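Report on one structure; see the data block that follows.
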Amino acid sequence: MKVLVVAERKGTELRRVSLELAAKATQLGDASVVEIGGERYSPLPFVSALAKKVQADAPDLVLLGATQNGRDLGARLAARLGRAYAADVTEIAAQGGSLEITRPMYAGKVRARMRVPLPAVVSIRPGAMRLREGAPAPQVTKIEADAAAEKLTFTKFAAVASGGPEHWNLVEELADALGGAVGASRAVTDAGWRPNEEQVGQTGKTVTPDLYVALGISGAIQHLAGMTSSKVIVAVNKDPDADIFKVADYGVVADVFEFVPAFTEAVKKVRST
């Protein structure tokens, strides 16, 4: 089987999920790895460049990480080339002229085993494939995004006030003040802000602390699966209709960037007395 892996980077380093895919691809068959460069992720230029690569190399299987960009790119590629598509896969094996894959369904309540005909495009959930520590980095071929395929013209990217890894110290300071540990949602780990090992939810850890403080968590059922057994749940979200408030013992409708520093100082003051 001929396998093409589409890699992503976090800064200058390949993302861990890309290394996991490369390792799995070598088990499945003749593997090659590409990354698309030239600009920030943009659907049309990226899918156009990747489609040309796939048409030229004719791989039986294209693997992408089930990240925010990977899920978007994989679905677009499969639709453009008329290939079978499976998303958010946790297990994959070759079986004759097809694939046998496993993926969660119904908010993780069941694991579905499916047979996918080749050629196919598959996105793999980060952390689902084993990665041998110390394994050599794969050889990566870079292809340029097809700028001619872009229908929109960007004049500039403007920074907006929003969450990001630069604000993570606020969470860590609160955890230190409470004498607790830090966890993360899947959106945070998918964005590469925190390692997969810190993810709480159906695809991460299940935790049962005496106190669980949910900061900016919407309350998706996948996240709730990993923390609803906590003894006391405190939720902070600026959306008063957020689902997290349905399971919280205490709810605070506030901007986490304003609430967390004030709450941290209050905790420190109480603990110092």
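Please note that chains go A, B, ... in the order of the structure tokens, that every chain numbers its residues from 1, and that ligands are numbered from 1 in the order shown.
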
Spatial neighbours of region 113-115 of chain A, 12 Å, only C-alpha atoms, chain gap at least 4 places, as number ranges by chain: A: 84-87, 89-105, 120

All residues 9 Å or closer to Phe46 (chain A), only C-alpha atoms, same chain fewer than 4 positions away omitted, as a PyMOL selection string: chain A and resi 36-37+41-42+50-51+73+144-147+149

Strand (DSSP E or B) residues, from DSSP on the backbone, in region 140-262 of chain A, as a ChimeraX atom specification: /A:140-144,184,199-200,205,211-215,232-236,250-252

Distance query Gln222 (chain A) at most 10 Å, only C-alpha atoms, self and fewer than 2 positions along chain excluded, as a PyMOL selection string: chain A and resi 106-109+185-186+200-204+219-220+224-227

Which residue of A:Glu166, A:Arg76, A:Val54, A:Pro138 approaches Leu14 (chain A) most closely, using only C-alpha atoms: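 Between A:Glu166, A:Arg76, A:Val54, A:Pro138, the residue approaching Leu14 (chain A) most closely is A:Pro138.
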
Using DSSP on the backbone coordinates, identify all residues within region 19-145 of chain A classified as alpha helix (DSSP H); present the result as a PDB file with N, CA, C and O atoms, in the first residue's frame.
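New file out-v1.pdb:
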ATOM      1  N   LEU A  19       4.227  13.030  13.636  1.00  0.00           N
ATOM      2  CA  LEU A  19       5.188  11.963  13.886  1.00  0.00           C
ATOM      3  C   LEU A  19       4.470  10.634  14.105  1.00  0.00           C
ATOM      4  O   LEU A  19       4.928   9.576  13.637  1.00  0.00           O
ATOM      5  N   GLU A  20       3.332  10.679  14.798  1.00  0.00           N
ATOM      6  CA  GLU A  20       2.545   9.464  15.021  1.00  0.00           C
ATOM      7  C   GLU A  20       2.047   8.901  13.697  1.00  0.00           C
ATOM      8  O   GLU A  20       2.092   7.685  13.464  1.00  0.00           O
ATOM      9  N   LEU A  21       1.577   9.773  12.810  1.00  0.00           N
ATOM     10  CA  LEU A  21       1.079   9.328  11.504  1.00  0.00           C
ATOM     11  C   LEU A  21       2.194   8.739  10.656  1.00  0.00           C
ATOM     12  O   LEU A  21       2.002   7.728   9.977  1.00  0.00           O
ATOM     13  N   ALA A  22       3.362   9.377  10.679  1.00  0.00           N
ATOM     14  CA  ALA A  22       4.497   8.879   9.891  1.00  0.00           C
ATOM     15  C   ALA A  22       4.897   7.489  10.355  1.00  0.00           C
ATOM     16  O   ALA A  22       5.194   6.602   9.541  1.00  0.00           O
ATOM     17  N   ALA A  23       4.914   7.274  11.679  1.00  0.00           N
ATOM     18  CA  ALA A  23       5.269   5.962  12.215  1.00  0.00           C
ATOM     19  C   ALA A  23       4.242   4.906  11.799  1.00  0.00           C
ATOM     20  O   ALA A  23       4.599   3.784  11.424  1.00  0.00           O
ATOM     21  N   LYS A  24       2.970   5.264  11.868  1.00  0.00           N
ATOM     22  CA  LYS A  24       1.919   4.325  11.486  1.00  0.00           C
ATOM     23  C   LYS A  24       1.965   4.029   9.996  1.00  0.00           C
ATOM     24  O   LYS A  24       1.747   2.889   9.567  1.00  0.00           O
ATOM     25  N   ALA A  25       2.251   5.050   9.196  1.00  0.00           N
ATOM     26  CA  ALA A  25       2.280   4.869   7.743  1.00  0.00           C
ATOM     27  C   ALA A  25       3.332   3.851   7.322  1.00  0.00           C
ATOM     28  O   ALA A  25       3.118   3.064   6.398  1.00  0.00           O
ATOM     29  N   THR A  26       4.473   3.837   8.013  1.00  0.00           N
ATOM     30  CA  THR A  26       5.525   2.868   7.668  1.00  0.00           C
ATOM     31  C   THR A  26       5.089   1.444   7.980  1.00  0.00           C
ATOM     32  O   THR A  26       5.566   0.498   7.351  1.00  0.00           O
ATOM     33  N   GLN A  27       4.178   1.282   8.937  1.00  0.00           N
ATOM     34  CA  GLN A  27       3.647  -0.046   9.242  1.00  0.00           C
ATOM     35  C   GLN A  27       2.640  -0.496   8.186  1.00  0.00           C
ATOM     36  O   GLN A  27       2.477  -1.690   7.937  1.00  0.00           O
ATOM     37  N   LEU A  28       1.969   0.473   7.586  1.00  0.00           N
ATOM     38  CA  LEU A  28       0.925   0.144   6.614  1.00  0.00           C
ATOM     39  C   LEU A  28       1.475  -0.133   5.220  1.00  0.00           C
ATOM     40  O   LEU A  28       0.850  -0.857   4.443  1.00  0.00           O
ATOM     41  N   PRO A  43      -7.947  27.091   3.052  1.00  0.00           N
ATOM     42  CA  PRO A  43      -8.509  25.864   2.487  1.00  0.00           C
ATOM     43  C   PRO A  43      -8.280  25.660   0.996  1.00  0.00           C
ATOM     44  O   PRO A  43      -7.797  24.602   0.581  1.00  0.00           O
ATOM     45  N   LEU A  44      -8.630  26.642   0.185  1.00  0.00           N
ATOM     46  CA  LEU A  44      -8.555  26.432  -1.261  1.00  0.00           C
ATOM     47  C   LEU A  44      -7.127  26.252  -1.774  1.00  0.00           C
ATOM     48  O   LEU A  44      -6.854  25.313  -2.530  1.00  0.00           O
ATOM     49  N   PRO A  45      -6.171  27.119  -1.404  1.00  0.00           N
ATOM     50  CA  PRO A  45      -4.793  26.896  -1.863  1.00  0.00           C
ATOM     51  C   PRO A  45      -4.197  25.586  -1.364  1.00  0.00           C
ATOM     52  O   PRO A  45      -3.456  24.914  -2.089  1.00  0.00           O
ATOM     53  N   PHE A  46      -4.528  25.196  -0.143  1.00  0.00           N
ATOM     54  CA  PHE A  46      -3.963  23.970   0.407  1.00  0.00           C
ATOM     55  C   PHE A  46      -4.551  22.738  -0.261  1.00  0.00           C
ATOM     56  O   PHE A  46      -3.829  21.812  -0.628  1.00  0.00           O
ATOM     57  N   VAL A  47      -5.873  22.703  -0.409  1.00  0.00           N
ATOM     58  CA  VAL A  47      -6.474  21.513  -1.002  1.00  0.00           C
ATOM     59  C   VAL A  47      -6.112  21.402  -2.474  1.00  0.00           C
ATOM     60  O   VAL A  47      -5.938  20.296  -3.004  1.00  0.00           O
ATOM     61  N   SER A  48      -5.957  22.524  -3.160  1.00  0.00           N
ATOM     62  CA  SER A  48      -5.563  22.491  -4.563  1.00  0.00           C
ATOM     63  C   SER A  48      -4.162  21.906  -4.721  1.00  0.00           C
ATOM     64  O   SER A  48      -3.927  21.026  -5.565  1.00  0.00           O
ATOM     65  N   ALA A  49      -3.222  22.366  -3.884  1.00  0.00           N
ATOM     66  CA  ALA A  49      -1.846  21.860  -3.957  1.00  0.00           C
ATOM     67  C   ALA A  49      -1.791  20.375  -3.597  1.00  0.00           C
ATOM     68  O   ALA A  49      -1.102  19.580  -4.247  1.00  0.00           O
ATOM     69  N   LEU A  50      -2.517  19.988  -2.550  1.00  0.00           N
ATOM     70  CA  LEU A  50      -2.495  18.591  -2.119  1.00  0.00           C
ATOM     71  C   LEU A  50      -3.166  17.682  -3.135  1.00  0.00           C
ATOM     72  O   LEU A  50      -2.683  16.563  -3.385  1.00  0.00           O
ATOM     73  N   ALA A  51      -4.245  18.137  -3.739  1.00  0.00           N
ATOM     74  CA  ALA A  51      -4.923  17.327  -4.761  1.00  0.00           C
ATOM     75  C   ALA A  51      -4.001  17.053  -5.939  1.00  0.00           C
ATOM     76  O   ALA A  51      -3.966  15.931  -6.467  1.00  0.00           O
ATOM     77  N   LYS A  52      -3.237  18.046  -6.348  1.00  0.00           N
ATOM     78  CA  LYS A  52      -2.276  17.850  -7.447  1.00  0.00           C
ATOM     79  C   LYS A  52      -1.215  16.826  -7.069  1.00  0.00           C
ATOM     80  O   LYS A  52      -0.809  15.993  -7.888  1.00  0.00           O
ATOM     81  N   LYS A  53      -0.748  16.877  -5.815  1.00  0.00           N
ATOM     82  CA  LYS A  53       0.251  15.917  -5.342  1.00  0.00           C
ATOM     83  C   LYS A  53      -0.314  14.510  -5.318  1.00  0.00           C
ATOM     84  O   LYS A  53       0.343  13.546  -5.742  1.00  0.00           O
ATOM     85  N   VAL A  54      -1.524  14.371  -4.850  1.00  0.00           N
ATOM     86  CA  VAL A  54      -2.157  13.054  -4.783  1.00  0.00           C
ATOM     87  C   VAL A  54      -2.403  12.504  -6.184  1.00  0.00           C
ATOM     88  O   VAL A  54      -2.189  11.319  -6.451  1.00  0.00           O
ATOM     89  N   GLN A  55      -2.855  13.353  -7.097  1.00  0.00           N
ATOM     90  CA  GLN A  55      -3.089  12.905  -8.468  1.00  0.00           C
ATOM     91  C   GLN A  55      -1.791  12.474  -9.143  1.00  0.00           C
ATOM     92  O   GLN A  55      -1.769  11.529  -9.934  1.00  0.00           O
ATOM     93  N   ALA A  56      -0.699  13.144  -8.807  1.00  0.00           N
ATOM     94  CA  ALA A  56       0.596  12.812  -9.412  1.00  0.00           C
ATOM     95  C   ALA A  56       1.195  11.533  -8.828  1.00  0.00           C
ATOM     96  O   ALA A  56       1.719  10.691  -9.563  1.00  0.00           O
ATOM     97  N   ASP A  57       1.118  11.375  -7.496  1.00  0.00           N
ATOM     98  CA  ASP A  57       1.755  10.227  -6.837  1.00  0.00           C
ATOM     99  C   ASP A  57       0.834   9.022  -6.700  1.00  0.00           C
ATOM    100  O   ASP A  57       1.302   7.907  -6.485  1.00  0.00           O
ATOM    101  N   GLN A  68      -7.735  20.810  13.851  1.00  0.00           N
ATOM    102  CA  GLN A  68      -8.679  21.761  13.253  1.00  0.00           C
ATOM    103  C   GLN A  68      -8.430  21.900  11.756  1.00  0.00           C
ATOM    104  O   GLN A  68      -9.374  21.845  10.956  1.00  0.00           O
ATOM    105  N   ASN A  69      -7.171  22.060  11.358  1.00  0.00           N
ATOM    106  CA  ASN A  69      -6.870  22.202   9.933  1.00  0.00           C
ATOM    107  C   ASN A  69      -6.954  20.866   9.201  1.00  0.00           C
ATOM    108  O   ASN A  69      -7.426  20.802   8.064  1.00  0.00           O
ATOM    109  N   GLY A  70      -6.489  19.801   9.866  1.00  0.00           N
ATOM    110  CA  GLY A  70      -6.476  18.498   9.211  1.00  0.00           C
ATOM    111  C   GLY A  70      -7.857  17.976   8.881  1.00  0.00           C
ATOM    112  O   GLY A  70      -8.080  17.401   7.812  1.00  0.00           O
ATOM    113  N   ARG A  71      -8.804  18.181   9.801  1.00  0.00           N
ATOM    114  CA  ARG A  71     -10.180  17.726   9.532  1.00  0.00           C
ATOM    115  C   ARG A  71     -10.777  18.480   8.349  1.00  0.00           C
ATOM    116  O   ARG A  71     -11.467  17.905   7.502  1.00  0.00           O
ATOM    117  N   ASP A  72     -10.521  19.771   8.285  1.00  0.00           N
ATOM    118  CA  ASP A  72     -11.047  20.579   7.196  1.00  0.00           C
ATOM    119  C   ASP A  72     -10.415  20.176   5.868  1.00  0.00           C
ATOM    120  O   ASP A  72     -11.106  19.960   4.872  1.00  0.00           O
ATOM    121  N   LEU A  73      -9.086  20.052   5.875  1.00  0.00           N
ATOM    122  CA  LEU A  73      -8.370  19.733   4.646  1.00  0.00           C
ATOM    123  C   LEU A  73      -8.700  18.337   4.145  1.00  0.00           C
ATOM    124  O   LEU A  73      -8.897  18.118   2.940  1.00  0.00           O
ATOM    125  N   GLY A  74      -8.782  17.363   5.065  1.00  0.00           N
ATOM    126  CA  GLY A  74      -9.065  15.989   4.667  1.00  0.00           C
ATOM    127  C   GLY A  74     -10.427  15.841   4.003  1.00  0.00           C
ATOM    128  O   GLY A  74     -10.566  15.170   2.973  1.00  0.00           O
ATOM    129  N   ALA A  75     -11.440  16.471   4.587  1.00  0.00           N
ATOM    130  CA  ALA A  75     -12.791  16.376   4.017  1.00  0.00           C
ATOM    131  C   ALA A  75     -12.841  17.026   2.637  1.00  0.00           C
ATOM    132  O   ALA A  75     -13.475  16.500   1.706  1.00  0.00           O
ATOM    133  N   ARG A  76     -12.186  18.163   2.503  1.00  0.00           N
ATOM    134  CA  ARG A  76     -12.175  18.853   1.206  1.00  0.00           C
ATOM    135  C   ARG A  76     -11.447  18.026   0.140  1.00  0.00           C
ATOM    136  O   ARG A  76     -11.890  17.947  -1.018  1.00  0.00           O
ATOM    137  N   LEU A  77     -10.322  17.414   0.554  1.00  0.00           N
ATOM    138  CA  LEU A  77      -9.553  16.612  -0.396  1.00  0.00           C
ATOM    139  C   LEU A  77     -10.359  15.411  -0.874  1.00  0.00           C
ATOM    140  O   LEU A  77     -10.404  15.113  -2.081  1.00  0.00           O
ATOM    141  N   ALA A  78     -10.990  14.702   0.050  1.00  0.00           N
ATOM    142  CA  ALA A  78     -11.781  13.532  -0.322  1.00  0.00           C
ATOM    143  C   ALA A  78     -12.918  13.907  -1.259  1.00  0.00           C
ATOM    144  O   ALA A  78     -13.197  13.204  -2.242  1.00  0.00           O
ATOM    145  N   ALA A  79     -13.585  15.033  -0.974  1.00  0.00           N
ATOM    146  CA  ALA A  79     -14.687  15.471  -1.831  1.00  0.00           C
ATOM    147  C   ALA A  79     -14.188  15.846  -3.215  1.00  0.00           C
ATOM    148  O   ALA A  79     -14.822  15.505  -4.227  1.00  0.00           O
ATOM    149  N   ARG A  80     -13.046  16.510  -3.277  1.00  0.00           N
ATOM    150  CA  ARG A  80     -12.528  16.944  -4.576  1.00  0.00           C
ATOM    151  C   ARG A  80     -12.109  15.766  -5.440  1.00  0.00           C
ATOM    152  O   ARG A  80     -12.345  15.760  -6.656  1.00  0.00           O
ATOM    153  N   LEU A  81     -11.506  14.742  -4.824  1.00  0.00           N
ATOM    154  CA  LEU A  81     -10.990  13.605  -5.599  1.00  0.00           C
ATOM    155  C   LEU A  81     -11.969  12.437  -5.674  1.00  0.00           C
ATOM    156  O   LEU A  81     -11.698  11.445  -6.332  1.00  0.00           O
TER     157      LEU A  81
END

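Distances from A:Met129, A:Val213, A:Val122, A:Ala235 to Leu61 (chain A) were compared using only C-alpha atoms, and the smallest one belongs to A:Val122.
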
Atomic distance CA of Thr189 (chain A) - CA of Pro126 (chain A), expressed in Å with one decimal: 9.0 Å
